[in-house]
Amino acid sequence: GVLEAREPIILADFQNSAGDPVLARAVTEAFRIDLAQSPLVTVVAPSFVEKALSRMQVHPETSLDLDLAREIAIREGIKAVMGGEITTVGAGFVLSAQLVSAEGGEVLAAYRETSKDSTAIIRAIDRLSKKLRERIGESLKTIRANEPLDQVTTASLKALRKYSQAVSAIEEGDASKGRALLEEAVELDTAFAMAWRKLGVVAIGRTRQVEALTKAFQHRDRLTDRERYLTLGTYYGSVTDEREKAITAYRTLLDTYPNDSWALNNLANLYYGARDYTRAEDMYRRAIEADSFSAVSYSNLVSVKFGLGKFEEAEATLERLAEYFPDHPNIASYRINLASARGAYEAAEVQAQAFKEAHKGEVYRQLGANQLLIGLAIVRGRLAEAERLSLEVLDALEKLGLGGGQLDVQIGLASMDVWFRGDTASGQRRVEAAVERTPLEEIDPLNRPYLSLARFYALAGRPDRTHATLAEFDAAVEPELRRDAENDRHGILGIIALNDGRYSDAVEEFRRSDEGACAICVFPGLGLAFDHAGEADSAIAYYEGYVTGPWLFRLDEDAIFLAMCYERLGALYEERGEPEKAIRYYGRLVELWKDADPELKPRVEAARHAIQALSTDRPGGD
């Protein structure tokens, strides 16, 4: 009668008399997993506890014993805490657990189980947890419907130790350490589906991500109901691109666990990807209400609010993220993207340089900072600076052994040769040299940059090479793993049609490519197609739709298209006899490229001359 349905409880760290903190952490994690199957209680997330400790000015890594757990519970209005102990007795172990009233400290329930040795610990945890769940008020029918803990996690205590260490590392922001520990866990138990799923979420490279999530999917009978539906949702959403199946999986999970923050967040991601921003916003908000210290849900909410044009709310949400997670890397990247999306490029560059300086020696954060700096350089016409930074990225990728990433960078530089410099020959030489250094066959098929390469050849006016590259992609990658590439394929075919002068075909292909969360990313291509077709009104509508549309992560697109859109809008309005609008957009190009490289200066000077001529011709002009 003390606890109501879905009542939150705090799980204290199990104490270990033998002084083995890794064993104690593994037992605590196993207990958490089993309790998560209960429909009657909700074990609060470790992130909630960590932030509560911070508010109490207690170090977040302090061991959470029962007394400290009670203090947090009283402060946060939580009625009960649960804790336990593992004691060594010869070769065996004694495990005890108790449910304690937070306010008064009275023991509401207490049980003990024994384990003859380390191989039987997980089964002992299973028995202990189920006794407590029954005492809390869960029906025997529900409890018996759950598979034994060693069958839905792992029978290997060593693997569980690695998994629990990995979870802690990832929660603390050390994804690299977490990945390494998860790799060790799945090596110890190749059917450890929970570890495979976690590895699939944090893996680097498409190949390893797909391998890990596929393994989790294949061993989904080794998962709790909650983890099983999370796995189904992640697999269908990230591997086979079957959005409706993924939505069904998350909705089914939410039917039983309506406040599951991960299911809410992941379902919101799917709605966001389908541009149902309003529903996504609601789901992210619910995820935060369920776990107010979910950093990922806060950052995702920033994105969707910006997409809805709620700029002040987006900034306020980001500041809440910064308040709760001051060291989270998303804070810097989101601030940089917010600044650049609103045209404050100098401020964005200062922040990106500061982030890069603050994280010297951290290879992945350096890569992220450099990629932002490259975009900020290109958008302002500083191509030489972008090339210099790209060399740093290439060096880092080589050290990491990421050949596919190296090729992608070289393809980007070659595309810059074609798009900005009009030097197709140099671009092709750069790509051919890069492919010779890093042949595609030496890269895992899923990590080969087929689509980037095909897009380059389309841009360079080589449809033969484009179609050959797409055919190689089709031959190397299974059909179910190519579904999410169909929009890219249509975009590439749109470029070919545009180059061929088949403008109506280009419009159709670009429209067929229009999928994903970004509502404005297709507009420059459509604008170009209508522009070349001589349909000025439609071209202007799409160019203006692009330059004015809200999209947080627009820097990569802006680097390519923003200057072109300003330039063409100036020219189109000049042709239509609307000097004020023409001057406005020519002026934006001049301001954007005021520090551009000398090779781009002729376009800036042409815009300046146009402004001068239009200003002179206007009534009342000099």
# chains A, B, ... in the order shown; residues from 1 in each chain; ligands from 1

call {"tool": "residues_around", "arguments": {"residues": "segment 282-288 of chain A", "least_positions_apart": "4", "cutoff": "8 Å", "atoms": "only C-alpha atoms", "output": "short mmCIF file (atom, residue, chain, number, x, y, z; two decimals) with C-alpha atoms, in the first residue's frame"}}
result
data_model
loop_
_atom_site.label_atom_id
_atom_site.label_comp_id
_atom_site.auth_asym_id
_atom_site.auth_seq_id
_atom_site.Cartn_x
_atom_site.Cartn_y
_atom_site.Cartn_z
CA ASN A 259 6.81 6.89 -19.52
CA ASP A 260 9.74 5.10 -21.11
CA SER A 261 11.96 8.04 -22.02
CA TRP A 262 14.00 6.16 -24.64
CA LEU A 264 9.44 8.42 -26.41
CA ASN A 265 12.68 9.96 -27.67
CA LEU A 267 9.55 7.63 -31.56
CA ALA A 268 9.96 11.41 -31.67
CA THR A 278 4.57 19.14 -33.90
CA SER A 292 14.27 15.36 -16.86
CA PHE A 293 17.99 14.63 -17.14
CA SER A 294 17.96 13.07 -20.59
CA SER A 297 16.01 14.57 -25.54
CA TYR A 298 16.90 18.17 -24.65
CA ASN A 300 16.64 16.89 -29.95
CA LEU A 301 13.99 19.28 -28.66
#

call {"tool": "residues_around", "arguments": {"residues": "segment 159-168 of chain A", "least_positions_apart": "3", "cutoff": "6 Å", "atoms": "only C-alpha atoms", "output": "PyMOL selection string"}}
result
chain A and resi 26+156+171+178+181-182+185+188

call {"tool": "write_last_selection", "arguments": {"atoms": "all heavy atoms", "output": "compact mmCIF listing (two decimals), in the first residue's frame"}}
result
# COMPACT_ATOMS: atom_id res chain seq x y z
N ALA A 26 28.10 -4.61 -11.44
CA ALA A 26 27.44 -5.58 -12.33
C ALA A 26 26.15 -6.11 -11.69
O ALA A 26 25.13 -6.26 -12.36
CB ALA A 26 28.39 -6.73 -12.64
N SER A 156 26.89 -15.01 -18.47
CA SER A 156 28.30 -14.76 -18.15
C SER A 156 28.43 -13.53 -17.25
O SER A 156 28.15 -12.41 -17.66
CB SER A 156 29.09 -14.53 -19.45
OG SER A 156 30.36 -14.00 -19.17
N GLU A 171 27.52 6.84 -20.04
CA GLU A 171 26.76 7.86 -19.31
C GLU A 171 27.65 9.02 -18.87
O GLU A 171 27.21 10.16 -18.76
CB GLU A 171 26.08 7.23 -18.09
CG GLU A 171 24.88 6.36 -18.47
CD GLU A 171 24.31 5.63 -17.27
OE1 GLU A 171 24.94 5.67 -16.19
OE2 GLU A 171 23.23 5.01 -17.41
N GLY A 178 33.43 3.13 -23.66
CA GLY A 178 32.23 2.32 -23.65
C GLY A 178 32.20 1.34 -24.81
O GLY A 178 31.85 0.16 -24.65
N LEU A 181 34.61 -1.59 -24.18
CA LEU A 181 34.09 -2.54 -23.19
C LEU A 181 32.94 -3.38 -23.76
O LEU A 181 32.82 -4.57 -23.45
CB LEU A 181 33.63 -1.78 -21.95
CG LEU A 181 34.75 -1.20 -21.07
CD1 LEU A 181 34.20 -0.14 -20.13
CD2 LEU A 181 35.42 -2.32 -20.28
N LEU A 182 32.10 -2.78 -24.58
CA LEU A 182 31.00 -3.53 -25.20
C LEU A 182 31.55 -4.58 -26.16
O LEU A 182 31.01 -5.69 -26.26
CB LEU A 182 30.06 -2.57 -25.92
CG LEU A 182 29.18 -1.71 -25.02
CD1 LEU A 182 28.49 -0.61 -25.82
CD2 LEU A 182 28.13 -2.54 -24.29
N ALA A 185 32.48 -7.38 -24.09
CA ALA A 185 31.30 -8.09 -23.57
C ALA A 185 30.73 -9.05 -24.61
O ALA A 185 30.41 -10.21 -24.29
CB ALA A 185 30.23 -7.07 -23.15
N LEU A 188 32.82 -12.12 -25.04
CA LEU A 188 32.64 -13.10 -23.97
C LEU A 188 31.34 -13.88 -24.12
O LEU A 188 31.25 -15.05 -23.76
CB LEU A 188 32.66 -12.40 -22.60
CG LEU A 188 34.03 -11.88 -22.15
CD1 LEU A 188 33.87 -10.88 -21.01
CD2 LEU A 188 34.93 -13.04 -21.72

call {"tool": "residues_around", "arguments": {"residues": "segment 561-575 of chain A", "least_positions_apart": "5", "cutoff": "7 Å", "atoms": "only C-alpha atoms", "output": "ChimeraX atom specification"}}
result
/A:524,536,540,543,547,581-583,585-586,588-589

call {"tool": "residues_around", "arguments": {"residues": "Ala322 of chain A", "least_positions_apart": "3", "cutoff": "12 Å", "atoms": "only C-alpha atoms", "output": "JSON, numbers by chain"}}
result
{"A": [293, 295, 298, 299, 302, 315, 316, 317, 318, 319, 325, 326, 327, 328, 329, 330, 331, 332, 333, 334, 335]}

call {"tool": "residues_around", "arguments": {"residues": "Thr240 of chain A", "least_positions_apart": "5", "cutoff": "8 Å", "atoms": "only C-alpha atoms", "output": "VMD selection string"}}
result
chain A and resid 235 480 to 484

call {"tool": "select_by_dssp", "arguments": {"residues": "segment 370-526 of chain A", "states": "alpha helix (DSSP H)", "output": "PyMOL selection string"}}
result
chain A and resi 370-379+383-400+403-421+424-437+450-459+463-476+486-500+503-512+523-526

call {"tool": "decode", "arguments": {"residues": "segment 26-49 of chain A", "atoms": "C-alpha atoms", "output": "PDB file, in the first residue's frame"}}
result
ATOM      1  CA  ALA A  26      27.437  -5.576 -12.325  1.00  0.00           C
ATOM      2  CA  VAL A  27      25.007  -6.882  -9.697  1.00  0.00           C
ATOM      3  CA  THR A  28      23.361  -3.449  -9.451  1.00  0.00           C
ATOM      4  CA  GLU A  29      22.964  -3.303 -13.252  1.00  0.00           C
ATOM      5  CA  ALA A  30      21.463  -6.806 -13.367  1.00  0.00           C
ATOM      6  CA  PHE A  31      19.020  -5.853 -10.616  1.00  0.00           C
ATOM      7  CA  ARG A  32      18.085  -2.691 -12.544  1.00  0.00           C
ATOM      8  CA  ILE A  33      17.432  -4.725 -15.702  1.00  0.00           C
ATOM      9  CA  ASP A  34      15.148  -7.157 -13.879  1.00  0.00           C
ATOM     10  CA  LEU A  35      13.232  -4.417 -12.052  1.00  0.00           C
ATOM     11  CA  ALA A  36      12.728  -2.619 -15.374  1.00  0.00           C
ATOM     12  CA  GLN A  37      10.397  -5.479 -16.357  1.00  0.00           C
ATOM     13  CA  SER A  38       7.997  -4.584 -13.571  1.00  0.00           C
ATOM     14  CA  PRO A  39       4.913  -2.578 -14.575  1.00  0.00           C
ATOM     15  CA  LEU A  40       4.467  -1.413 -10.952  1.00  0.00           C
ATOM     16  CA  VAL A  41       7.698   0.495 -10.296  1.00  0.00           C
ATOM     17  CA  THR A  42       9.960   2.763 -12.314  1.00  0.00           C
ATOM     18  CA  VAL A  43      13.637   2.722 -11.423  1.00  0.00           C
ATOM     19  CA  VAL A  44      14.868   6.284 -11.866  1.00  0.00           C
ATOM     20  CA  ALA A  45      17.658   6.726 -14.408  1.00  0.00           C
ATOM     21  CA  PRO A  46      21.282   7.074 -13.263  1.00  0.00           C
ATOM     22  CA  SER A  47      21.340  10.530 -14.898  1.00  0.00           C
ATOM     23  CA  PHE A  48      18.581  11.652 -12.508  1.00  0.00           C
ATOM     24  CA  VAL A  49      20.632  10.503  -9.527  1.00  0.00           C
TER      25      VAL A  49
END
